[in-house]
$ cat data.cif   # mmCIF, C-alpha atoms
data_entry
#
loop_
_atom_site.group_PDB
_atom_site.id
_atom_site.type_symbol
_atom_site.label_atom_id
_atom_site.label_comp_id
_atom_site.auth_asym_id
_atom_site.auth_seq_id
_atom_site.Cartn_x
_atom_site.Cartn_y
_atom_site.Cartn_z
ATOM 1 C CA MET A 338 -11.357 6.874 -21.554
ATOM 2 C CA ALA A 339 -13.684 9.583 -20.259
ATOM 3 C CA GLU A 340 -12.166 12.956 -19.353
ATOM 4 C CA ASN A 341 -13.562 16.238 -18.084
ATOM 5 C CA HIS A 342 -12.657 19.585 -19.677
ATOM 6 C CA ASP A 343 -12.102 20.927 -16.159
ATOM 7 C CA ALA A 344 -10.037 17.884 -15.156
ATOM 8 C CA ASP A 345 -7.136 19.922 -13.772
ATOM 9 C CA ALA A 346 -9.482 21.322 -11.128
ATOM 10 C CA LEU A 347 -9.518 17.817 -9.616
ATOM 11 C CA VAL A 348 -5.868 18.195 -8.601
ATOM 12 C CA THR A 349 -5.803 21.922 -7.858
ATOM 13 C CA SER A 350 -6.432 22.952 -4.267
ATOM 14 C CA THR A 351 -4.918 25.104 -1.530
ATOM 15 C CA ASP A 352 -6.034 22.530 1.049
ATOM 16 C CA PRO A 353 -2.921 20.650 2.260
ATOM 17 C CA LEU A 354 -5.135 17.640 3.002
ATOM 18 C CA HIS A 355 -6.417 17.397 -0.565
ATOM 19 C CA PRO A 356 -5.294 14.026 -2.036
ATOM 20 C CA ALA A 357 -3.384 15.731 -4.852
ATOM 21 C CA ASN A 358 -1.315 17.599 -2.256
ATOM 22 C CA LEU A 359 -1.070 14.732 0.221
ATOM 23 C CA ILE A 360 0.267 12.136 -2.216
ATOM 24 C CA PRO A 361 3.423 14.122 -3.145
ATOM 25 C CA GLU A 362 4.020 14.940 0.535
ATOM 26 C CA LEU A 363 3.646 11.312 1.630
ATOM 27 C CA CYS A 364 5.794 9.977 -1.213
ATOM 28 C CA ALA A 365 8.573 12.403 -0.275
ATOM 29 C CA SER A 366 8.262 11.267 3.345
ATOM 30 C CA PHE A 367 8.496 7.598 2.345
ATOM 31 C CA TYR A 368 11.584 8.437 0.269
ATOM 32 C CA ARG A 369 13.262 10.082 3.264
ATOM 33 C CA LEU A 370 12.444 7.025 5.402
ATOM 34 C CA GLY A 371 14.139 4.789 2.848
ATOM 35 C CA TRP A 372 10.897 2.922 2.103
ATOM 36 C CA VAL A 373 11.029 3.841 -1.588
ATOM 37 C CA THR A 374 13.897 4.690 -3.900
ATOM 38 C CA GLY A 375 13.904 6.148 -7.387
ATOM 39 C CA THR A 376 10.469 5.638 -8.921
ATOM 40 C CA GLY A 377 9.556 2.561 -6.856
ATOM 41 C CA GLY A 378 6.578 2.151 -4.555
ATOM 42 C CA GLY A 379 3.201 3.836 -4.777
ATOM 43 C CA ILE A 380 0.136 5.202 -2.996
ATOM 44 C CA CYS A 381 -3.502 5.871 -3.714
ATOM 45 C CA ILE A 382 -6.247 7.723 -1.847
ATOM 46 C CA ARG A 383 -9.960 7.094 -2.423
ATOM 47 C CA THR A 384 -12.440 9.822 -1.533
ATOM 48 C CA GLY A 385 -16.037 8.870 -2.254
ATOM 49 C CA ASP A 386 -16.362 8.297 -5.991
ATOM 50 C CA LYS A 387 -12.794 9.283 -6.954
ATOM 51 C CA VAL A 388 -9.410 7.586 -6.680
ATOM 52 C CA TYR A 389 -6.185 9.636 -6.732
ATOM 53 C CA ILE A 390 -3.103 7.670 -7.788
ATOM 54 C CA ALA A 391 0.576 8.541 -7.919
ATOM 55 C CA PRO A 392 2.303 8.285 -11.294
ATOM 56 C CA SER A 393 4.823 5.693 -12.400
ATOM 57 C CA GLY A 394 8.242 6.783 -13.633
ATOM 58 C CA VAL A 395 8.616 9.909 -11.478
ATOM 59 C CA GLN A 396 11.199 10.205 -8.697
ATOM 60 C CA LYS A 397 9.157 9.756 -5.534
ATOM 61 C CA GLU A 398 10.531 12.858 -3.808
ATOM 62 C CA ARG A 399 9.750 15.014 -6.875
ATOM 63 C CA ILE A 400 6.087 14.146 -7.518
ATOM 64 C CA GLU A 401 3.852 17.178 -7.941
ATOM 65 C CA PRO A 402 0.040 17.560 -7.753
ATOM 66 C CA SER A 403 -0.069 17.987 -11.531
ATOM 67 C CA HIS A 404 1.373 14.460 -11.897
ATOM 68 C CA ILE A 405 -1.594 12.808 -10.161
ATOM 69 C CA PHE A 406 -4.084 10.564 -11.979
ATOM 70 C CA VAL A 407 -7.768 10.614 -11.022
ATOM 71 C CA LEU A 408 -10.038 7.638 -11.713
ATOM 72 C CA PRO A 409 -13.748 7.225 -11.027
ATOM 73 C CA TYR A 410 -14.847 4.678 -8.442
ATOM 74 C CA PRO A 411 -16.346 2.167 -8.802
ATOM 75 C CA GLN A 412 -15.327 0.861 -12.200
ATOM 76 C CA PRO A 413 -14.337 -2.588 -13.536
ATOM 77 C CA ASP A 414 -11.217 -3.947 -11.887
ATOM 78 C CA PRO A 415 -8.219 -2.387 -13.667
ATOM 79 C CA SER A 416 -5.854 -4.949 -15.137
ATOM 80 C CA PRO A 417 -3.088 -5.015 -17.753
ATOM 81 C CA HIS A 418 -5.651 -6.331 -20.213
ATOM 82 C CA THR A 419 -8.500 -3.832 -19.851
ATOM 83 C CA ASP A 420 -8.884 -0.132 -20.546
ATOM 84 C CA ARG A 421 -9.096 2.064 -17.486
ATOM 85 C CA ILE A 422 -11.458 4.980 -17.167
ATOM 86 C CA PHE A 423 -9.870 8.277 -16.153
ATOM 87 C CA LEU A 424 -11.343 11.534 -14.960
ATOM 88 C CA ARG A 425 -7.971 13.212 -15.256
ATOM 89 C CA ARG A 426 -4.543 12.416 -16.732
ATOM 90 C CA PRO A 427 -1.389 14.539 -16.347
ATOM 91 C CA LYS A 428 -0.438 16.673 -19.326
ATOM 92 C CA LEU A 429 3.025 15.088 -19.223
ATOM 93 C CA ASN A 430 3.458 11.710 -20.878
ATOM 94 C CA LEU A 431 3.147 9.711 -17.657
ATOM 95 C CA LYS A 432 1.601 6.364 -16.788
ATOM 96 C CA GLU A 433 -0.441 5.604 -13.698
ATOM 97 C CA SER A 434 1.185 3.473 -11.010
ATOM 98 C CA ALA A 435 1.720 -0.176 -11.947
ATOM 99 C CA CYS A 436 0.222 -0.892 -8.499
ATOM 100 C CA THR A 437 -3.251 0.214 -9.665
ATOM 101 C CA PRO A 438 -4.782 -3.303 -9.996
ATOM 102 C CA LEU A 439 -3.474 -4.177 -6.538
ATOM 103 C CA PHE A 440 -4.886 -0.983 -5.065
ATOM 104 C CA TRP A 441 -8.244 -2.113 -6.419
ATOM 105 C CA ASN A 442 -7.898 -5.317 -4.397
ATOM 106 C CA ALA A 443 -7.760 -3.176 -1.255
ATOM 107 C CA PHE A 444 -10.862 -1.234 -2.338
ATOM 108 C CA GLU A 445 -12.936 -4.231 -3.347
ATOM 109 C CA LYS A 446 -11.917 -6.714 -0.642
ATOM 110 C CA ARG A 447 -11.329 -4.408 2.333
ATOM 111 C CA ASN A 448 -13.306 -1.272 1.437
ATOM 112 C CA ALA A 449 -10.055 0.630 1.932
ATOM 113 C CA GLY A 450 -9.784 4.379 1.573
ATOM 114 C CA SER A 451 -6.047 4.243 0.913
ATOM 115 C CA CYS A 452 -3.354 1.728 0.016
ATOM 116 C CA ILE A 453 0.419 2.141 0.304
ATOM 117 C CA HIS A 454 3.145 0.103 -1.385
ATOM 118 C CA THR A 455 6.728 0.354 -0.123
ATOM 119 C CA HIS A 456 10.022 -1.429 -0.702
ATOM 120 C CA SER A 457 11.015 -1.196 2.956
ATOM 121 C CA GLN A 458 14.163 -3.188 3.729
ATOM 122 C CA ASN A 459 12.557 -4.394 6.960
ATOM 123 C CA ALA A 460 9.632 -5.834 5.000
ATOM 124 C CA VAL A 461 11.931 -7.437 2.422
ATOM 125 C CA MET A 462 14.120 -9.007 5.117
ATOM 126 C CA ALA A 463 11.025 -10.398 6.841
ATOM 127 C CA THR A 464 10.040 -12.185 3.629
ATOM 128 C CA LEU A 465 13.520 -13.740 3.433
ATOM 129 C CA LEU A 466 13.753 -14.942 7.041
ATOM 130 C CA TRP A 467 10.211 -16.362 7.227
ATOM 131 C CA GLU A 468 10.293 -19.206 4.709
ATOM 132 C CA GLY A 469 6.579 -20.086 4.831
ATOM 133 C CA ASP A 470 3.629 -18.015 3.705
ATOM 134 C CA LEU A 471 3.182 -16.046 6.967
ATOM 135 C CA PHE A 472 5.155 -13.542 8.986
ATOM 136 C CA GLU A 473 4.174 -13.969 12.645
ATOM 137 C CA ILE A 474 5.038 -12.065 15.801
ATOM 138 C CA SER A 475 3.344 -11.757 19.202
ATOM 139 C CA HIS A 476 3.636 -9.976 22.562
ATOM 140 C CA GLN A 477 4.614 -6.600 21.164
ATOM 141 C CA MET A 478 3.321 -3.448 22.852
ATOM 142 C CA ILE A 479 2.519 -1.215 19.895
ATOM 143 C CA LYS A 480 -0.684 0.637 19.135
ATOM 144 C CA GLY A 481 -2.096 1.217 15.667
ATOM 145 C CA VAL A 482 -2.014 -2.185 13.957
ATOM 146 C CA ARG A 483 -5.515 -3.220 12.975
ATOM 147 C CA THR A 484 -6.769 -6.438 11.428
ATOM 148 C CA GLY A 485 -8.012 -6.331 7.855
ATOM 149 C CA GLY A 486 -11.324 -8.065 8.489
ATOM 150 C CA ASN A 487 -13.159 -6.525 11.433
ATOM 151 C CA GLY A 488 -10.816 -3.581 11.987
ATOM 152 C CA LYS A 489 -10.001 -4.688 15.559
ATOM 153 C CA THR A 490 -6.830 -3.207 17.031
ATOM 154 C CA LEU A 491 -4.390 -5.978 17.947
ATOM 155 C CA SER A 492 -3.608 -6.400 21.628
ATOM 156 C CA TYR A 493 -0.350 -7.312 23.351
ATOM 157 C CA LEU A 494 -1.264 -11.015 23.453
ATOM 158 C CA ASP A 495 -2.434 -11.245 19.844
ATOM 159 C CA THR A 496 -0.252 -12.823 17.180
ATOM 160 C CA LEU A 497 0.157 -10.615 14.133
ATOM 161 C CA LYS A 498 0.000 -12.648 10.929
ATOM 162 C CA VAL A 499 0.934 -11.109 7.587
ATOM 163 C CA PRO A 500 0.699 -13.305 4.456
ATOM 164 C CA ILE A 501 3.724 -13.578 2.175
ATOM 165 C CA ILE A 502 3.190 -14.095 -1.559
ATOM 166 C CA ALA A 503 5.707 -14.862 -4.302
ATOM 167 C CA ASN A 504 7.007 -12.029 -6.443
ATOM 168 C CA THR A 505 6.368 -11.742 -10.196
ATOM 169 C CA PRO A 506 8.397 -10.054 -12.958
ATOM 170 C CA ASP A 507 5.648 -7.453 -13.483
ATOM 171 C CA GLU A 508 3.943 -5.664 -10.589
ATOM 172 C CA GLU A 509 0.442 -5.915 -12.062
ATOM 173 C CA ASP A 510 0.676 -9.707 -12.199
ATOM 174 C CA LEU A 511 0.614 -9.834 -8.393
ATOM 175 C CA LYS A 512 -3.097 -8.975 -8.452
ATOM 176 C CA ASP A 513 -4.509 -12.501 -8.369
ATOM 177 C CA SER A 514 -2.133 -13.951 -5.763
ATOM 178 C CA MET A 515 -2.671 -10.905 -3.555
ATOM 179 C CA ALA A 516 -6.444 -11.341 -3.833
ATOM 180 C CA GLU A 517 -6.149 -15.041 -2.967
ATOM 181 C CA ALA A 518 -4.054 -14.249 0.119
ATOM 182 C CA MET A 519 -6.567 -11.609 1.237
ATOM 183 C CA GLU A 520 -9.370 -14.154 0.941
ATOM 184 C CA LYS A 521 -7.388 -16.874 2.724
ATOM 185 C CA TYR A 522 -6.446 -14.528 5.572
ATOM 186 C CA PRO A 523 -9.403 -12.144 6.003
ATOM 187 C CA ASP A 524 -7.882 -10.616 9.146
ATOM 188 C CA ALA A 525 -4.549 -9.841 7.482
ATOM 189 C CA ALA A 526 -3.297 -6.315 8.093
ATOM 190 C CA ALA A 527 -1.263 -6.239 4.876
ATOM 191 C CA ILE A 528 0.353 -8.415 2.204
ATOM 192 C CA LEU A 529 4.101 -8.987 1.991
ATOM 193 C CA VAL A 530 5.713 -9.752 -1.383
ATOM 194 C CA ARG A 531 8.827 -11.901 -1.155
ATOM 195 C CA ARG A 532 12.055 -10.127 -2.117
ATOM 196 C CA HIS A 533 9.985 -7.070 -3.053
ATOM 197 C CA GLY A 534 8.048 -5.160 -0.382
ATOM 198 C CA ILE A 535 4.581 -4.753 1.122
ATOM 199 C CA TYR A 536 1.050 -3.525 0.414
ATOM 200 C CA VAL A 537 -0.762 -1.936 3.364
ATOM 201 C CA TRP A 538 -4.272 -0.488 3.440
ATOM 202 C CA GLY A 539 -6.522 1.439 5.790
ATOM 203 C CA ASP A 540 -9.926 3.088 6.033
ATOM 204 C CA ASP A 541 -8.281 6.382 5.083
ATOM 205 C CA TRP A 542 -4.785 7.692 4.393
ATOM 206 C CA GLN A 543 -4.063 8.366 8.073
ATOM 207 C CA LYS A 544 -4.842 4.785 9.066
ATOM 208 C CA ALA A 545 -2.945 3.347 6.094
ATOM 209 C CA LYS A 546 0.095 5.471 7.012
ATOM 210 C CA THR A 547 -0.101 4.528 10.699
ATOM 211 C CA GLN A 548 -0.516 0.865 9.806
ATOM 212 C CA THR A 549 2.532 1.030 7.524
ATOM 213 C CA GLU A 550 4.655 2.664 10.220
ATOM 214 C CA CYS A 551 3.600 0.173 12.915
ATOM 215 C CA LEU A 552 4.154 -2.838 10.692
ATOM 216 C CA ASP A 553 7.583 -1.614 9.630
ATOM 217 C CA TYR A 554 8.547 -1.339 13.288
ATOM 218 C CA LEU A 555 7.332 -4.893 13.928
ATOM 219 C CA PHE A 556 9.193 -6.235 10.892
ATOM 220 C CA GLU A 557 12.384 -4.609 12.131
ATOM 221 C CA ILE A 558 11.938 -6.048 15.635
ATOM 222 C CA GLY A 559 10.999 -9.451 14.196
ATOM 223 C CA VAL A 560 14.043 -9.576 11.938
ATOM 224 C CA LYS A 561 16.358 -8.670 14.836
ATOM 225 C CA MET A 562 14.741 -11.310 17.061
ATOM 226 C CA LYS A 563 15.003 -13.943 14.340
ATOM 227 C CA LEU A 564 18.683 -13.194 13.702
ATOM 228 C CA ALA A 565 19.347 -13.338 17.458
ATOM 229 C CA GLY A 566 17.646 -16.725 17.743
ATOM 230 C CA ILE A 567 14.763 -15.348 19.840
ATOM 231 C CA PRO A 568 11.285 -16.805 19.162
ATOM 232 C CA THR A 569 8.951 -14.191 17.675
ATOM 233 C CA VAL A 570 5.792 -15.986 18.833
ATOM 234 C CA LEU A 571 5.184 -17.012 22.455
ATOM 235 C CA ASN A 572 2.465 -19.216 23.890
ATOM 236 C CA ASN A 573 -0.089 -17.087 25.718
#
$ encode --input "data.cif" --output "structure tokens"
Amino acid sequence: MAENHDADALVTSTDPLHPANLIPELCASFYRLGWVTGTGGGICIRTGDKVYIAPSGVQKERIEPSHIFVLPYPQPDPSPHTDRIFLRRPKLNLKESACTPLFWNAFEKRNAGSCIHTHSQNAVMATLLWEGDLFEISHQMIKGVRTGGNGKTLSYLDTLKVPIIANTPDEEDLKDSMAEAMEKYPDAAAILVRRHGIYVWGDDWQKAKTQTECLDYLFEIGVKMKLAGIPTVLNN
């Protein structure tokens, strides 16, 4: 582990848009939306050669800038079996988010600037009502959802397809199946985890947040349509 004597300067700023200030604000917002409860869920923001990651084990609405981890980017893919390199650790005895290896999937496979993980009930219900490996919905007038491959914004006639992967007992063990789904569906906007939640990424935190909001809306609509017996995909 490599650390800087001035490491705390990496998370100290009066700029409200600094990642160390944004992450607590966004986590509190996700808590109020009901997307995360307790210490669940996570978010990261990558700015150039640094990655800012929320801690594990802290109530999401009570995260502070001093709780944020900072890692250099690039570095070898973090996994449960390798040491991670840190530029800054909190002084409290905290652990970085268990989502870290999955965040790296978003960086390496989509060149993402941010990745968000929520336990949204709409996302979880979608994984229960769609028994296969894809959530699909079409003919929905909503702006903001972009494909994962070429970044194209989906149109009204497009069919949104979000892969669904099986859950694992430990969050970090989702890394390989998430990577496989991202490779199989290069235009995927996100990855759903059955009975668990969703991982959503974007070029920056604004696009990741917008993508998460739009997808959650579509999951809610899709679930209601499915329960009402209405087809979620129409022929163009």
$ resolve_selection --input "data.cif" --expression "the PyMOL selection byres ((chain A and resi 507) around 12)" --output "ChimeraX atom specification"
/A:416-417,435-436,438-439,503-506,508-512,533
$ write_last_selection --input "data.cif" --atoms "C-alpha atoms" --output "PDB file, in the coordinates of the input"
ATOM      1  CA  SER A 416      -5.854  -4.949 -15.137  1.00  0.00           C
ATOM      2  CA  PRO A 417      -3.088  -5.015 -17.753  1.00  0.00           C
ATOM      3  CA  ALA A 435       1.720  -0.176 -11.947  1.00  0.00           C
ATOM      4  CA  CYS A 436       0.222  -0.892  -8.499  1.00  0.00           C
ATOM      5  CA  PRO A 438      -4.782  -3.303  -9.996  1.00  0.00           C
ATOM      6  CA  LEU A 439      -3.474  -4.177  -6.538  1.00  0.00           C
ATOM      7  CA  ALA A 503       5.707 -14.862  -4.302  1.00  0.00           C
ATOM      8  CA  ASN A 504       7.007 -12.029  -6.443  1.00  0.00           C
ATOM      9  CA  THR A 505       6.368 -11.742 -10.196  1.00  0.00           C
ATOM     10  CA  PRO A 506       8.397 -10.054 -12.958  1.00  0.00           C
ATOM     11  CA  GLU A 508       3.943  -5.664 -10.589  1.00  0.00           C
ATOM     12  CA  GLU A 509       0.442  -5.915 -12.062  1.00  0.00           C
ATOM     13  CA  ASP A 510       0.676  -9.707 -12.199  1.00  0.00           C
ATOM     14  CA  LEU A 511       0.614  -9.834  -8.393  1.00  0.00           C
ATOM     15  CA  LYS A 512      -3.097  -8.975  -8.452  1.00  0.00           C
ATOM     16  CA  HIS A 533       9.985  -7.070  -3.053  1.00  0.00           C
TER      17      HIS A 533
END
$ resolve_selection --input "data.cif" --expression "the PyMOL selection byres ((chain A and resi 543) around 12)" --output "PDB file with C-alpha atoms, in the frame of the given file"
ATOM      1  CA  LEU A 354      -5.135  17.640   3.002  1.00  0.00           C
ATOM      2  CA  PRO A 356      -5.294  14.026  -2.036  1.00  0.00           C
ATOM      3  CA  LEU A 359      -1.070  14.732   0.221  1.00  0.00           C
ATOM      4  CA  ILE A 360       0.267  12.136  -2.216  1.00  0.00           C
ATOM      5  CA  LEU A 363       3.646  11.312   1.630  1.00  0.00           C
ATOM      6  CA  ILE A 382      -6.247   7.723  -1.847  1.00  0.00           C
ATOM      7  CA  ALA A 449     -10.055   0.630   1.932  1.00  0.00           C
ATOM      8  CA  GLY A 450      -9.784   4.379   1.573  1.00  0.00           C
ATOM      9  CA  SER A 451      -6.047   4.243   0.913  1.00  0.00           C
ATOM     10  CA  CYS A 452      -3.354   1.728   0.016  1.00  0.00           C
ATOM     11  CA  ILE A 453       0.419   2.141   0.304  1.00  0.00           C
ATOM     12  CA  GLY A 481      -2.096   1.217  15.667  1.00  0.00           C
ATOM     13  CA  VAL A 537      -0.762  -1.936   3.364  1.00  0.00           C
ATOM     14  CA  TRP A 538      -4.272  -0.488   3.440  1.00  0.00           C
ATOM     15  CA  GLY A 539      -6.522   1.439   5.790  1.00  0.00           C
ATOM     16  CA  ASP A 540      -9.926   3.088   6.033  1.00  0.00           C
ATOM     17  CA  ASP A 541      -8.281   6.382   5.083  1.00  0.00           C
ATOM     18  CA  TRP A 542      -4.785   7.692   4.393  1.00  0.00           C
ATOM     19  CA  LYS A 544      -4.842   4.785   9.066  1.00  0.00           C
ATOM     20  CA  ALA A 545      -2.945   3.347   6.094  1.00  0.00           C
ATOM     21  CA  LYS A 546       0.095   5.471   7.012  1.00  0.00           C
ATOM     22  CA  THR A 547      -0.101   4.528  10.699  1.00  0.00           C
ATOM     23  CA  GLN A 548      -0.516   0.865   9.806  1.00  0.00           C
ATOM     24  CA  THR A 549       2.532   1.030   7.524  1.00  0.00           C
ATOM     25  CA  GLU A 550       4.655   2.664  10.220  1.00  0.00           C
TER      26      GLU A 550
END
$ closest_residue --input "data.cif" --among "A:Met519, A:Leu552, A:Ile474, A:Leu491" --to "Pro568 (chain A)" --atoms "all atoms listed in the file"
A:Ile474
$ closest_residue --input "data.cif" --among "A:Cys551, A:Leu529, A:Cys364, A:Ile380" --to "His454 (chain A)" --atoms "only C-alpha atoms"
A:Ile380
$ resolve_selection --input "data.cif" --expression "the PyMOL selection byres ((chain A and resi 431) around 9)" --output "compact mmCIF listing (two decimals) with C-alpha atoms, in the coordinates of the input"
# COMPACT_ATOMS: atom_id res chain seq x y z
CA PRO A 392 2.30 8.28 -11.29
CA SER A 393 4.82 5.69 -12.40
CA GLY A 394 8.24 6.78 -13.63
CA VAL A 395 8.62 9.91 -11.48
CA HIS A 404 1.37 14.46 -11.90
CA ARG A 426 -4.54 12.42 -16.73
CA PRO A 427 -1.39 14.54 -16.35
CA LYS A 428 -0.44 16.67 -19.33
CA LEU A 429 3.02 15.09 -19.22
CA ASN A 430 3.46 11.71 -20.88
CA LYS A 432 1.60 6.36 -16.79
CA GLU A 433 -0.44 5.60 -13.70
$ closest_residue --input "data.cif" --among "A:Arg447, A:Lys561, A:Lys498, A:Arg532" --to "Val461 (chain A)" --atoms "only C-alpha atoms"
A:Arg532
$ residues_around --input "data.cif" --residues "region 406-413 of chain A" --least-positions-apart "5" --cutoff "8 Å" --atoms "all atoms listed in the file" --output "list in words"
Leu347, Gly385, Asp386, Lys387, Val388, Tyr389, Ile390, Ala391, Pro392, Ile422, Phe423, Leu424, Arg425, Arg426, Pro427 and Glu433 of chain A
$ build_atoms --input "data.cif" --residues "region 509-520 of chain A" --atoms "N, CA and C atoms" --output "PDB file, in the coordinates of the input"
ATOM      1  N   GLU A 509       1.879  -5.714 -11.878  1.00  0.00           N
ATOM      2  CA  GLU A 509       0.442  -5.915 -12.062  1.00  0.00           C
ATOM      3  C   GLU A 509       0.043  -7.379 -11.964  1.00  0.00           C
ATOM      4  N   ASP A 510       0.988  -8.283 -12.231  1.00  0.00           N
ATOM      5  CA  ASP A 510       0.676  -9.707 -12.199  1.00  0.00           C
ATOM      6  C   ASP A 510       0.568 -10.266 -10.787  1.00  0.00           C
ATOM      7  N   LEU A 511       0.806  -9.427  -9.786  1.00  0.00           N
ATOM      8  CA  LEU A 511       0.614  -9.834  -8.393  1.00  0.00           C
ATOM      9  C   LEU A 511      -0.857  -9.798  -7.986  1.00  0.00           C
ATOM     10  N   LYS A 512      -1.703  -9.229  -8.819  1.00  0.00           N
ATOM     11  CA  LYS A 512      -3.097  -8.975  -8.452  1.00  0.00           C
ATOM     12  C   LYS A 512      -3.821 -10.223  -7.961  1.00  0.00           C
ATOM     13  N   ASP A 513      -3.733 -11.308  -8.720  1.00  0.00           N
ATOM     14  CA  ASP A 513      -4.509 -12.501  -8.369  1.00  0.00           C
ATOM     15  C   ASP A 513      -3.995 -13.175  -7.102  1.00  0.00           C
ATOM     16  N   SER A 514      -2.664 -13.302  -6.962  1.00  0.00           N
ATOM     17  CA  SER A 514      -2.133 -13.951  -5.763  1.00  0.00           C
ATOM     18  C   SER A 514      -2.371 -13.098  -4.522  1.00  0.00           C
ATOM     19  N   MET A 515      -2.342 -11.778  -4.680  1.00  0.00           N
ATOM     20  CA  MET A 515      -2.671 -10.905  -3.555  1.00  0.00           C
ATOM     21  C   MET A 515      -4.127 -11.089  -3.148  1.00  0.00           C
ATOM     22  N   ALA A 516      -5.017 -11.146  -4.122  1.00  0.00           N
ATOM     23  CA  ALA A 516      -6.444 -11.341  -3.833  1.00  0.00           C
ATOM     24  C   ALA A 516      -6.679 -12.674  -3.133  1.00  0.00           C
ATOM     25  N   GLU A 517      -5.999 -13.717  -3.591  1.00  0.00           N
ATOM     26  CA  GLU A 517      -6.149 -15.041  -2.967  1.00  0.00           C
ATOM     27  C   GLU A 517      -5.679 -15.014  -1.516  1.00  0.00           C
ATOM     28  N   ALA A 518      -4.565 -14.339  -1.249  1.00  0.00           N
ATOM     29  CA  ALA A 518      -4.054 -14.249   0.119  1.00  0.00           C
ATOM     30  C   ALA A 518      -5.007 -13.454   1.009  1.00  0.00           C
ATOM     31  N   MET A 519      -5.615 -12.413   0.464  1.00  0.00           N
ATOM     32  CA  MET A 519      -6.567 -11.609   1.237  1.00  0.00           C
ATOM     33  C   MET A 519      -7.813 -12.424   1.580  1.00  0.00           C
ATOM     34  N   GLU A 520      -8.213 -13.297   0.677  1.00  0.00           N
ATOM     35  CA  GLU A 520      -9.370 -14.154   0.941  1.00  0.00           C
ATOM     36  C   GLU A 520      -9.020 -15.258   1.939  1.00  0.00           C
TER      37      GLU A 520
END
